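Data first, discussion second: the structure below is written as structure tokens.
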Protein chains: 2
Amino acid sequence: MRVLVLGGDGFCGWPTSLYLSDRGHDVTILDNLSRRKIDVDLEVDSLTPIVPIGERLRAWREVSGREIGFVSVDLATEYDRLAAILRELRPDAIVHFAEQRAAPYSMRSEKTKRYTVDNNVRATHNLLTAIVDTGVDAAIAHLGTMGVYGYGWSGTAPIPEGYLTVKVPTPDGDLEREILHPANPGSVYHMTKTLDQLLFAFYAKNDGLRITDLHQGIVWGTQTDQTVKDERLINRFDYDGDYGTVLNRFLMQAAIGHPLTVHGTGGQTRAFIHIRDTVRCIEIAISNPPRPGSKPMVLNQITETHRVLDLAKLISDITGAEIAYLPNPRVEAEENELVVRNDQFLALGLEPTTLSEGLLGEVKDIAARYAHRADLRKIIARSVWKRGMQTSDDLLTSLQPTED
Amino acid sequence: MRVLVLGGDGFCGWPTSLYLSDRGHDVTILDNLSRRKIDVDLEVDSLTPIVPIGERLRAWREVSGREIGFVSVDLATEYDRLAAILRELRPDAIVHFAEQRAAPYSMRSEKTKRYTVDNNVRATHNLLTAIVDTGVDAAIAHLGTMGVYGYGWSGTAPIPEGYLTVKVPTPDGDLEREILHPANPGSVYHMTKTLDQLLFAFYAKNDGLRITDLHQGIVWGTQTDQTVKDERLINRFDYDGDYGTVLNRFLMQAAIGHPLTVHGTGGQTRAFIHIRDTVRCIEIAISNPPRPGSKPMVLNQITETHRVLDLAKLISDITGAEIAYLPNPRVEAEENELVVRNDQFLALGLEPTTLSEGLLGEVKDIAARYAHRADLRKIIARSVWKRGMQTSDDLLTSLQPTED
């Protein structure tokens, strides 16, 4: 298949591009390198040393003998270029990662709130209109988030795969209706993914576009079978308070002797997936698109759920790291249960990679290897959901030898 | 109250601004005059001769002795100016009409689809972030649309006021949950109003903003008690295939001897409200905002429902006009029933102005008076929902004497 990967230079996009190329697909990355530029603004960098995109692609050519294309384009503002690329390449599938993806960054300031909405909504909508306008017959797989469902809304009912069957009372008795699961986003970032869902529903209905929305859990891990082949192919590793995500942050913190940062009680239950499964899920999704005229297919791209505090305790048991309970900068429930359906992915052949000491160790080793690159002032999460919310001071100001 | 009217130069915004000023409020209009500029692009003009905004405001000062402020600002792109205006004026209420509001225009081309999304989503989101950022304590009343609910989705159940109580099946039995009515938009324009709803829900929850979303039906009529006071205050009257709306178009068509243009079977049932009631509803809404911390209040701003064909027959009976059945350029159900709750507005004191021969005649008189300004090539609706859909040729190429 000829596949475009929008946002193919990012944390999920890069390993996905390599995986699809390795599997024999003809891959072109479209990216405006915004993720690297935001790091410049935040004065932070990936813990792992990522090389420029051109060097990444040269390394992949050397290692695999395969070519991945690259076009620098801003999907939110350069519609005409996007349409020209579609007309020229006529892809069979488009993987859409090209959105600002950090909840804390999306709540950091009025500027980042607006950037997140302006960029994400326009990138998605430009893509949809460009597909209609060019008549390209491409299946779309979009990275959504489990956060569209919210947490704790449906009691003991498992989170369904996108759609919920409810009973609507009428004068003639209850009517069964399948609805898109009600949106309960917890940040501006998550909100943009709920907006995307409505865009997808409309363009699937009006124009017959074939769209799969992947509601992904929190990704952990760093490397895949492809990114390990050469240090120049290494994936990015975010540890800072805005872009770092919970499990990877714990592993990095343990590696450098920093207390594990639990915000609030740690009673939040979240869904997880390893980066190796992310890339497999993407290929499964683009290989099994919905039929034209169907509503968007929604798949929950997760393999397991854990309470944040349980994860902290697990890492603490393995590594001896302390746990620090910090004020929660988010407006969210202190605790929630979470049961998630992922039947469709399992039926389509996903074999989940679950949390194991070996894999945790691999990530911790990566973190330890590049610990000298860590900026300790960037670890505490300080983007607050409302002005005036409390945040913690730095917990560690210089690197110490770790226990292992 | 100090009130900002965003989009205060448009068809609903202008009479609302005059009404609120007449009622003693301190009104400032924010508008980028986009509605007039779109007319330039479409090579069409209001049937009624509207004067420039500066002249409108001078006329109002002469007629009423009252001052309405005006700031030319693009809310979608000039965030910093918007924030500066909020800081300076610190309004008590903000009425938000500043969105592209025609469904056919929103489906006309990839460019107008993108303009509608880019403009509407950013205008609304910029407003919400600016209110949070400046700390202004203003109640917001936003013009939504009945089209967010879709038509025929809930069988014989009346359309509720925004929220629907449904039963969600769980392993422990059904759970009752109040949800935002599922979104079923019929055009890109309507879709933007469903996106607005999710923005409102988030900012009400996270930041305690006080928001009322007014799901308005199709507005008919032209004049209010204020706009009749001077010809320079006259309201705009759209008759073209993109911006004209069904009942006003029938009245205009009858006035100039054009067949009444029914698209499809005419079995579509829609909700209606007279422009005099629109302006009253706005004052009721800003005078009765929800409490901080409440979810957005949703009011259905409609007074009656009619089948399109019944309206055509009514106008035909009064005027002798023919009815022309034309191909439908929209993707929509041929027929639907529609029962709508508007209890809250009635309880808050709205006394509906319903369809009456006298009012219909008043509008027809306005249309007849300015019939010489009509461009007969602009009457047929030609913006199609999907490429290749059929449209009609012009039905009338020169003005004839009418029967009355």
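Residue names in the structure tokens use chain letters A, B, ... in the order shown, residue numbers from 1 in each chain, and ligand numbers from 1 in the order shown.
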
Exercise answer, chain A residues close to chain B, 8 Å and only C-alpha atoms, as a ChimeraX atom specification
/A:110,113-114,117-118,122,125-126,129-130,133,154-158,164-172,175,179-180,182-183,185-188,191,194-195,198-199,202,206-207,331,385-386

Write out chain B, as a tab-separated table (two decimals) with C-alpha atoms, in the first residue's frame, after superposing it onto chain A by least squares using every C-alpha atom paired in order.
chain	number	residue	atom	x	y	z
B	1	MET	CA	0.01	-0.02	0.01
B	2	ARG	CA	1.01	3.57	-0.58
B	3	VAL	CA	0.71	5.17	2.85
B	4	LEU	CA	1.01	8.77	4.00
B	5	VAL	CA	1.96	9.21	7.65
B	6	LEU	CA	0.92	12.67	8.80
B	7	GLY	CA	3.01	13.63	11.81
B	8	GLY	CA	5.49	10.88	10.95
B	9	ASP	CA	8.38	12.50	12.82
B	10	GLY	CA	6.74	12.26	16.27
B	11	PHE	CA	6.84	9.72	19.09
B	12	CYS	CA	4.21	7.41	17.57
B	13	GLY	CA	4.60	8.57	13.97
B	14	TRP	CA	8.27	7.77	13.56
B	15	PRO	CA	8.23	4.13	14.71
B	16	THR	CA	4.99	3.65	12.75
B	17	SER	CA	6.61	4.95	9.58
B	18	LEU	CA	9.58	2.58	10.03
B	19	TYR	CA	7.32	-0.38	10.83
B	20	LEU	CA	5.11	0.17	7.79
B	21	SER	CA	8.17	0.62	5.57
B	22	ASP	CA	9.70	-2.56	7.01
B	23	ARG	CA	6.47	-4.38	6.24
B	24	GLY	CA	6.80	-3.42	2.58
B	25	HIS	CA	4.50	-0.43	2.35
B	26	ASP	CA	5.49	2.63	0.34
B	27	VAL	CA	5.63	5.32	3.05
B	28	THR	CA	5.74	9.11	2.78
B	29	ILE	CA	5.92	11.26	5.91
B	30	LEU	CA	4.18	14.64	6.01
B	31	ASP	CA	5.30	16.70	9.00
B	32	ASN	CA	6.00	20.34	9.86
B	33	LEU	CA	8.39	19.28	12.65
B	34	SER	CA	6.18	21.12	15.16
B	35	ARG	CA	7.00	18.64	17.95
B	36	ARG	CA	10.69	19.53	17.76
B	37	LYS	CA	9.87	23.24	17.59
B	38	ILE	CA	7.68	23.06	20.71
B	39	ASP	CA	10.67	21.53	22.52
B	40	VAL	CA	12.64	24.62	21.48
B	41	ASP	CA	9.98	26.86	23.04
B	42	LEU	CA	9.81	24.76	26.21
B	43	GLU	CA	13.63	24.68	26.42
B	44	VAL	CA	13.61	20.91	26.74
B	45	ASP	CA	14.69	18.03	24.54
B	46	SER	CA	14.02	14.34	24.06
B	47	LEU	CA	16.03	12.34	26.61
B	48	THR	CA	17.17	10.16	23.75
B	49	PRO	CA	19.30	11.99	21.17
B	50	ILE	CA	17.13	12.17	18.06
B	51	VAL	CA	18.79	13.21	14.82
B	52	PRO	CA	17.26	15.49	12.17
B	53	ILE	CA	14.56	13.92	9.98
B	54	GLY	CA	16.83	13.90	6.91
B	55	GLU	CA	19.47	11.94	8.80
B	56	ARG	CA	16.82	9.59	10.18
B	57	LEU	CA	15.69	8.81	6.63
B	58	ARG	CA	19.26	8.36	5.33
B	59	ALA	CA	19.97	5.96	8.21
B	60	TRP	CA	16.84	3.95	7.39
B	61	ARG	CA	17.89	3.72	3.75
B	62	GLU	CA	21.32	2.42	4.80
B	63	VAL	CA	19.90	-0.04	7.31
B	64	SER	CA	16.93	-1.35	5.33
B	65	GLY	CA	17.58	-0.46	1.72
B	66	ARG	CA	14.13	1.12	1.74
B	67	GLU	CA	13.14	4.68	0.94
B	68	ILE	CA	10.71	6.75	3.03
B	69	GLY	CA	9.58	10.03	1.46
B	70	PHE	CA	9.31	13.26	3.41
B	71	VAL	CA	7.40	16.48	2.75
B	72	SER	CA	7.58	19.43	5.12
B	73	VAL	CA	4.04	20.80	5.18
B	74	ASP	CA	1.77	22.43	7.77
B	75	LEU	CA	-1.57	20.69	7.36
B	76	ALA	CA	-3.45	23.33	9.32
B	77	THR	CA	-2.36	26.23	7.11
B	78	GLU	CA	-1.08	24.85	3.78
B	79	TYR	CA	-4.22	23.32	2.33
B	80	ASP	CA	-3.22	23.76	-1.30
B	81	ARG	CA	0.06	21.90	-0.78
B	82	LEU	CA	-1.77	19.09	0.98
B	83	ALA	CA	-4.24	18.78	-1.91
B	84	ALA	CA	-1.37	18.80	-4.43
B	85	ILE	CA	0.40	16.01	-2.51
B	86	LEU	CA	-2.78	13.91	-2.47
B	87	ARG	CA	-3.28	14.43	-6.22
B	88	GLU	CA	0.31	13.46	-6.93
B	89	LEU	CA	0.72	10.47	-4.60
B	90	ARG	CA	-2.87	9.15	-4.55
B	91	PRO	CA	-2.32	7.15	-1.33
B	92	ASP	CA	-4.25	3.99	-0.45
B	93	ALA	CA	-4.13	4.85	3.23
B	94	ILE	CA	-3.45	7.90	5.38
B	95	VAL	CA	-2.37	7.67	9.00
B	96	HIS	CA	-3.15	10.90	10.83
B	97	PHE	CA	-0.95	11.66	13.87
B	98	ALA	CA	-0.58	15.36	13.00
B	99	GLU	CA	-2.06	16.89	16.13
B	100	GLN	CA	-0.71	18.59	19.26
B	101	ARG	CA	-0.91	15.66	21.64
B	102	ALA	CA	-0.08	16.75	25.20
B	103	ALA	CA	-2.89	17.54	27.64
B	104	PRO	CA	-0.68	19.64	29.99
B	105	TYR	CA	0.72	21.65	27.08
B	106	SER	CA	-2.84	22.28	25.86
B	107	MET	CA	-3.70	23.78	29.28
B	108	ARG	CA	-0.46	25.73	29.74
B	109	SER	CA	-1.66	29.16	28.53
B	110	GLU	CA	-4.25	30.86	26.36
B	111	LYS	CA	-1.74	30.62	23.53
B	112	THR	CA	-1.26	26.86	23.77
B	113	LYS	CA	-5.00	26.29	24.22
B	114	ARG	CA	-5.60	28.19	21.02
B	115	TYR	CA	-2.73	26.53	19.18
B	116	THR	CA	-4.06	23.10	20.12
B	117	VAL	CA	-7.58	23.83	18.85
B	118	ASP	CA	-6.49	25.78	15.78
B	119	ASN	CA	-3.90	23.23	14.74
B	120	ASN	CA	-5.77	20.04	15.50
B	121	VAL	CA	-9.20	20.99	14.15
B	122	ARG	CA	-7.83	22.55	10.99
B	123	ALA	CA	-5.36	19.75	10.28
B	124	THR	CA	-8.13	17.17	10.54
B	125	HIS	CA	-10.72	19.19	8.62
B	126	ASN	CA	-8.28	20.18	5.88
B	127	LEU	CA	-7.43	16.52	5.42
B	128	LEU	CA	-11.08	15.53	5.12
B	129	THR	CA	-11.97	18.30	2.67
B	130	ALA	CA	-8.83	17.59	0.64
B	131	ILE	CA	-9.78	13.93	0.30
B	132	VAL	CA	-13.28	14.88	-0.87
B	133	ASP	CA	-11.95	17.60	-3.16
B	134	THR	CA	-9.27	15.45	-4.83
B	135	GLY	CA	-11.42	12.32	-4.99
B	136	VAL	CA	-8.57	10.25	-3.56
B	137	ASP	CA	-9.89	6.89	-2.35
B	138	ALA	CA	-7.78	6.50	0.79
B	139	ALA	CA	-8.64	4.81	4.07
B	140	ILE	CA	-7.93	7.10	7.01
B	141	ALA	CA	-6.65	5.93	10.39
B	142	HIS	CA	-6.64	8.69	13.02
B	143	LEU	CA	-5.02	8.67	16.42
B	144	GLY	CA	-7.71	9.50	18.94
B	145	THR	CA	-7.54	9.04	22.69
B	146	MET	CA	-9.25	7.09	25.46
B	147	GLY	CA	-9.74	10.53	27.03
B	148	VAL	CA	-12.73	11.24	24.77
B	149	TYR	CA	-14.81	8.89	26.96
B	150	GLY	CA	-13.83	10.47	30.26
B	151	TYR	CA	-13.41	8.37	33.37
B	152	GLY	CA	-16.09	6.89	35.58
B	153	TRP	CA	-19.06	8.11	33.56
B	154	SER	CA	-20.70	4.76	32.93
B	155	GLY	CA	-20.29	3.10	36.31
B	156	THR	CA	-19.40	-0.57	36.03
B	157	ALA	CA	-20.18	-0.73	32.31
B	158	PRO	CA	-17.06	-1.33	30.21
B	159	ILE	CA	-16.04	1.45	27.84
B	160	PRO	CA	-17.43	0.32	24.48
B	161	GLU	CA	-15.67	0.59	21.15
B	162	GLY	CA	-16.84	4.09	20.32
B	163	TYR	CA	-20.56	3.54	20.22
B	164	LEU	CA	-23.03	3.02	23.00
B	165	THR	CA	-26.53	1.61	22.70
B	166	VAL	CA	-28.91	3.57	24.89
B	167	LYS	CA	-32.65	3.68	25.46
B	168	VAL	CA	-34.38	6.94	24.60
B	169	PRO	CA	-37.78	7.44	26.25
B	170	THR	CA	-40.59	8.37	23.83
B	171	PRO	CA	-44.37	8.62	24.25
B	172	ASP	CA	-44.51	5.22	22.51
B	173	GLY	CA	-42.01	3.53	24.83
B	174	ASP	CA	-38.23	3.28	24.88
B	175	LEU	CA	-36.37	3.53	21.59
B	176	GLU	CA	-32.97	1.82	21.21
B	177	ARG	CA	-30.40	4.06	19.61
B	178	GLU	CA	-26.70	3.58	18.96
B	179	ILE	CA	-24.89	6.81	19.76
B	180	LEU	CA	-21.33	7.98	19.71
B	181	HIS	CA	-20.21	7.62	23.33
B	182	PRO	CA	-20.90	10.98	25.04
B	183	ALA	CA	-17.82	13.20	25.10
B	184	ASN	CA	-16.24	13.83	28.49
B	185	PRO	CA	-12.84	15.38	27.71
B	186	GLY	CA	-10.54	16.37	30.57
B	187	SER	CA	-8.39	18.96	28.76
B	188	VAL	CA	-8.37	21.16	25.69
B	189	TYR	CA	-6.25	18.51	23.97
B	190	HIS	CA	-8.76	15.77	24.72
B	191	MET	CA	-11.54	18.12	23.65
B	192	THR	CA	-9.99	18.47	20.19
B	193	LYS	CA	-10.25	14.71	19.75
B	194	THR	CA	-13.96	14.87	20.59
B	195	LEU	CA	-14.31	17.57	17.90
B	196	ASP	CA	-12.48	15.30	15.44
B	197	GLN	CA	-15.07	12.60	16.08
B	198	LEU	CA	-17.88	14.89	14.91
B	199	LEU	CA	-15.90	15.86	11.81
B	200	PHE	CA	-15.38	12.19	11.00
B	201	ALA	CA	-19.04	11.32	11.53
B	202	PHE	CA	-20.14	14.05	9.13
B	203	TYR	CA	-17.66	13.29	6.34
B	204	ALA	CA	-18.34	9.56	6.59
B	205	LYS	CA	-22.07	10.23	6.29
B	206	ASN	CA	-22.06	12.94	3.63
B	207	ASP	CA	-19.10	11.86	1.49
B	208	GLY	CA	-18.63	8.17	2.25
B	209	LEU	CA	-15.08	8.60	3.58
B	210	ARG	CA	-13.63	5.46	5.18
B	211	ILE	CA	-12.37	6.45	8.61
B	212	THR	CA	-11.02	4.52	11.58
B	213	ASP	CA	-10.60	6.41	14.84
B	214	LEU	CA	-8.12	4.80	17.22
B	215	HIS	CA	-8.78	5.70	20.83
B	216	GLN	CA	-5.35	5.06	22.20
B	217	GLY	CA	-4.30	4.68	25.80
B	218	ILE	CA	-1.07	6.03	27.29
B	219	VAL	CA	1.85	4.75	25.27
B	220	TRP	CA	4.89	3.42	27.07
B	221	GLY	CA	8.21	2.04	25.88
B	222	THR	CA	10.58	3.69	23.45
B	223	GLN	CA	11.99	1.29	20.98
B	224	THR	CA	10.60	-1.05	18.33
B	225	ASP	CA	12.26	-3.75	16.22
B	226	GLN	CA	13.06	-1.07	13.68
B	227	THR	CA	14.24	1.84	15.86
B	228	VAL	CA	16.84	-0.38	17.60
B	229	LYS	CA	18.63	-1.12	14.37
B	230	ASP	CA	20.75	2.04	14.42
B	231	GLU	CA	21.22	4.74	17.06
B	232	ARG	CA	20.23	7.33	14.47
B	233	LEU	CA	16.81	5.64	14.30
B	234	ILE	CA	16.18	5.91	18.05
B	235	ASN	CA	12.70	7.05	19.05
B	236	ARG	CA	12.12	10.21	21.11
B	237	PHE	CA	11.65	9.89	24.88
B	238	ASP	CA	9.76	12.69	26.63
B	239	TYR	CA	10.23	13.05	30.37
B	240	ASP	CA	9.21	16.67	30.98
B	241	GLY	CA	6.08	17.77	32.85
B	242	ASP	CA	4.21	18.67	29.66
B	243	TYR	CA	4.99	15.92	27.15
B	244	GLY	CA	6.22	13.10	29.35
B	245	THR	CA	3.59	10.45	30.11
B	246	VAL	CA	3.14	8.63	33.34
B	247	LEU	CA	4.76	5.21	33.01
B	248	ASN	CA	7.77	6.35	30.97
B	249	ARG	CA	8.28	9.21	33.41
B	250	PHE	CA	8.33	6.81	36.37
B	251	LEU	CA	10.91	4.65	34.61
B	252	MET	CA	13.07	7.64	33.78
B	253	GLN	CA	12.72	9.03	37.30
B	254	ALA	CA	13.75	5.68	38.77
B	255	ALA	CA	16.74	5.58	36.44
B	256	ILE	CA	18.07	8.95	37.60
B	257	GLY	CA	17.24	8.63	41.30
B	258	HIS	CA	14.28	11.05	41.23
B	259	PRO	CA	11.21	10.26	43.38
B	260	LEU	CA	8.28	8.91	41.34
B	261	THR	CA	5.88	11.83	40.85
B	262	VAL	CA	2.31	10.81	41.74
B	263	HIS	CA	-0.11	13.71	41.30
B	264	GLY	CA	-3.04	13.55	43.69
B	265	THR	CA	-3.85	10.20	45.27
B	266	GLY	CA	-2.70	8.07	42.34
B	267	GLY	CA	-6.17	6.52	42.30
B	268	GLN	CA	-6.60	7.43	38.63
B	269	THR	CA	-6.94	4.29	36.50
B	270	ARG	CA	-5.68	4.68	32.95
B	271	ALA	CA	-5.29	2.48	29.88
B	272	PHE	CA	-1.88	1.61	28.46
B	273	ILE	CA	-0.28	0.24	25.32
B	274	HIS	CA	3.36	-0.44	24.39
B	275	ILE	CA	4.78	1.43	21.41
B	276	ARG	CA	5.39	-1.95	19.68
B	277	ASP	CA	1.65	-2.58	19.79
B	278	THR	CA	0.82	0.94	18.61
B	279	VAL	CA	2.66	0.35	15.34
B	280	ARG	CA	1.01	-3.05	14.85
B	281	CYS	CA	-2.42	-1.62	15.53
B	282	ILE	CA	-1.92	1.03	12.85
B	283	GLU	CA	-1.20	-1.58	10.19
B	284	ILE	CA	-4.19	-3.64	11.31
B	285	ALA	CA	-6.39	-0.54	11.10
B	286	ILE	CA	-5.37	0.51	7.59
B	287	SER	CA	-5.62	-3.08	6.38
B	288	ASN	CA	-9.20	-3.42	7.68
B	289	PRO	CA	-10.95	-0.15	6.87
B	290	PRO	CA	-14.70	0.27	7.16
B	291	ARG	CA	-16.80	0.10	3.99
B	292	PRO	CA	-17.72	3.37	2.23
B	293	GLY	CA	-21.01	4.59	3.68
B	294	SER	CA	-20.30	3.10	7.10
B	295	LYS	CA	-20.02	5.28	10.16
B	296	PRO	CA	-16.43	5.72	11.38
B	297	MET	CA	-14.98	2.55	12.90
B	298	VAL	CA	-13.76	3.14	16.42
B	299	LEU	CA	-11.13	0.87	17.96
B	300	ASN	CA	-9.81	1.17	21.49
B	301	GLN	CA	-6.05	0.97	21.02
B	302	ILE	CA	-5.16	-0.26	24.51
B	303	THR	CA	-3.96	-3.53	25.95
B	304	GLU	CA	-4.27	-3.17	29.74
B	305	THR	CA	-5.41	-0.79	32.50
B	306	HIS	CA	-3.62	0.15	35.73
B	307	ARG	CA	-4.02	2.51	38.65
B	308	VAL	CA	-1.29	5.15	38.61
B	309	LEU	CA	-0.34	4.37	42.22
B	310	ASP	CA	-0.07	0.65	41.47
B	311	LEU	CA	2.37	1.46	38.68
B	312	ALA	CA	4.39	3.67	41.01
B	313	LYS	CA	4.52	0.88	43.60
B	314	LEU	CA	5.54	-1.66	40.96
B	315	ILE	CA	8.42	0.53	39.76
B	316	SER	CA	9.35	1.33	43.36
B	317	ASP	CA	9.45	-2.38	44.23
B	318	ILE	CA	11.70	-3.14	41.25
B	319	THR	CA	14.02	-0.16	41.64
B	320	GLY	CA	13.78	1.04	45.23
B	321	ALA	CA	12.67	4.49	44.06
B	322	GLU	CA	10.71	6.65	46.51
B	323	ILE	CA	7.19	7.81	45.74
B	324	ALA	CA	6.40	11.54	46.06
B	325	TYR	CA	2.76	12.60	46.35
B	326	LEU	CA	2.43	15.98	44.64
B	327	PRO	CA	-0.50	18.38	44.20
B	328	ASN	CA	-2.53	17.50	41.10
B	329	PRO	CA	-2.34	20.27	38.47
B	330	ARG	CA	-5.33	18.79	36.64
B	331	VAL	CA	-9.04	19.13	37.27
B	332	GLU	CA	-10.00	15.44	37.38
B	333	ALA	CA	-11.59	12.81	39.62
B	334	GLU	CA	-9.24	11.57	42.34
B	335	GLU	CA	-10.14	7.97	41.64
B	336	ASN	CA	-11.89	5.98	38.96
B	337	GLU	CA	-12.39	2.44	37.77
B	338	LEU	CA	-11.78	1.63	34.12
B	339	VAL	CA	-12.78	-1.40	32.10
B	340	VAL	CA	-12.26	-1.11	28.35
B	341	ARG	CA	-13.44	-3.23	25.44
B	342	ASN	CA	-10.80	-3.93	22.79
B	343	ASP	CA	-12.43	-6.99	21.22
B	344	GLN	CA	-12.12	-5.79	17.64
B	345	PHE	CA	-8.34	-5.40	17.75
B	346	LEU	CA	-7.97	-8.81	19.40
B	347	ALA	CA	-10.20	-10.35	16.72
B	348	LEU	CA	-8.11	-8.65	14.02
B	349	GLY	CA	-4.98	-10.35	15.35
B	350	LEU	CA	-3.39	-8.05	17.93
B	351	GLU	CA	-1.28	-10.02	20.43
B	352	PRO	CA	-0.86	-7.64	23.36
B	353	THR	CA	2.54	-6.82	24.79
B	354	THR	CA	1.77	-6.42	28.48
B	355	LEU	CA	3.75	-4.91	31.33
B	356	SER	CA	6.67	-7.15	32.20
B	357	GLU	CA	9.81	-6.65	34.20
B	358	GLY	CA	11.94	-7.27	31.14
B	359	LEU	CA	10.30	-4.54	29.09
B	360	LEU	CA	10.25	-2.14	32.02
B	361	GLY	CA	13.98	-2.77	32.43
B	362	GLU	CA	14.61	-2.08	28.75
B	363	VAL	CA	13.00	1.32	29.03
B	364	LYS	CA	14.80	2.07	32.29
B	365	ASP	CA	18.10	1.12	30.63
B	366	ILE	CA	17.44	3.59	27.82
B	367	ALA	CA	16.66	6.24	30.41
B	368	ALA	CA	19.79	5.46	32.45
B	369	ARG	CA	21.98	5.52	29.36
B	370	TYR	CA	20.85	9.05	28.50
B	371	ALA	CA	20.35	10.31	32.08
B	372	HIS	CA	23.12	12.88	31.59
B	373	ARG	CA	20.86	14.62	29.04
B	374	ALA	CA	18.08	15.23	31.59
B	375	ASP	CA	17.24	18.77	32.68
B	376	LEU	CA	16.10	18.27	36.27
B	377	ARG	CA	14.17	21.56	36.28
B	378	LYS	CA	11.78	20.20	33.62
B	379	ILE	CA	10.49	17.15	35.50
B	380	ILE	CA	7.78	18.63	37.73
B	381	ALA	CA	4.41	19.12	35.98
B	382	ARG	CA	3.58	22.82	36.25
B	383	SER	CA	0.93	23.42	33.57
B	384	VAL	CA	-2.18	23.89	35.71
B	385	TRP	CA	-5.78	23.42	34.57
B	386	LYS	CA	-6.91	26.64	36.31
B	387	ARG	CA	-4.97	29.71	37.33
B	388	GLY	CA	-3.73	29.59	40.92
B	389	MET	CA	-3.56	25.81	41.34
B	390	GLN	CA	-0.61	24.66	43.42
B	391	THR	CA	2.47	22.96	41.96
B	392	SER	CA	5.52	21.40	43.54
B	393	ASP	CA	9.08	22.73	43.75
B	394	ASP	CA	11.84	20.70	42.12
B	395	LEU	CA	12.51	17.50	44.04
B	396	LEU	CA	16.02	16.88	42.76
B	397	THR	CA	18.55	19.48	41.72
B	398	SER	CA	21.58	17.40	40.81
B	399	LEU	CA	22.13	13.92	39.43
B	400	GLN	CA	23.06	11.27	41.99
B	401	PRO	CA	24.30	7.75	41.48
B	402	THR	CA	21.31	5.39	41.25
B	403	GLU	CA	20.93	2.22	43.29
B	404	ASP	CA	21.53	-0.16	40.42

Give the strand (DSSP E or B) residues of stretch 45-83 of chain B, as assigned by DSSP on the backbone, as a ChimeraX atom specification.
/B:69-72

Write the residues of the preceding selection, restricted to N, CA and C atoms, as a compact mmCIF listing (two decimals), in the first residue's frame.
# COMPACT_ATOMS: atom_id res chain seq x y z
N GLY B 69 -21.59 51.41 20.32
CA GLY B 69 -20.18 51.38 19.92
C GLY B 69 -19.94 50.37 18.81
N PHE B 70 -18.84 50.53 18.11
CA PHE B 70 -18.50 49.59 17.05
C PHE B 70 -16.99 49.39 17.00
N VAL B 71 -16.55 48.13 16.97
CA VAL B 71 -15.14 47.82 16.76
C VAL B 71 -15.04 46.82 15.62
N SER B 72 -14.24 47.14 14.63
CA SER B 72 -14.00 46.21 13.54
C SER B 72 -12.90 45.25 13.97

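The set of residues in stretch 317-370 of chain A assigned to alpha helix (DSSP H) by DSSP, using only backbone atoms of this structure, is A:Asp317, A:Ile318, A:Thr319, A:Asp343, A:Gln344, A:Phe345, A:Leu346, A:Ala347, A:Glu357, A:Gly358, A:Leu359, A:Leu360, A:Gly361, A:Glu362, A:Val363, A:Lys364, A:Asp365, A:Ile366, A:Ala367, A:Ala368, A:Arg369.
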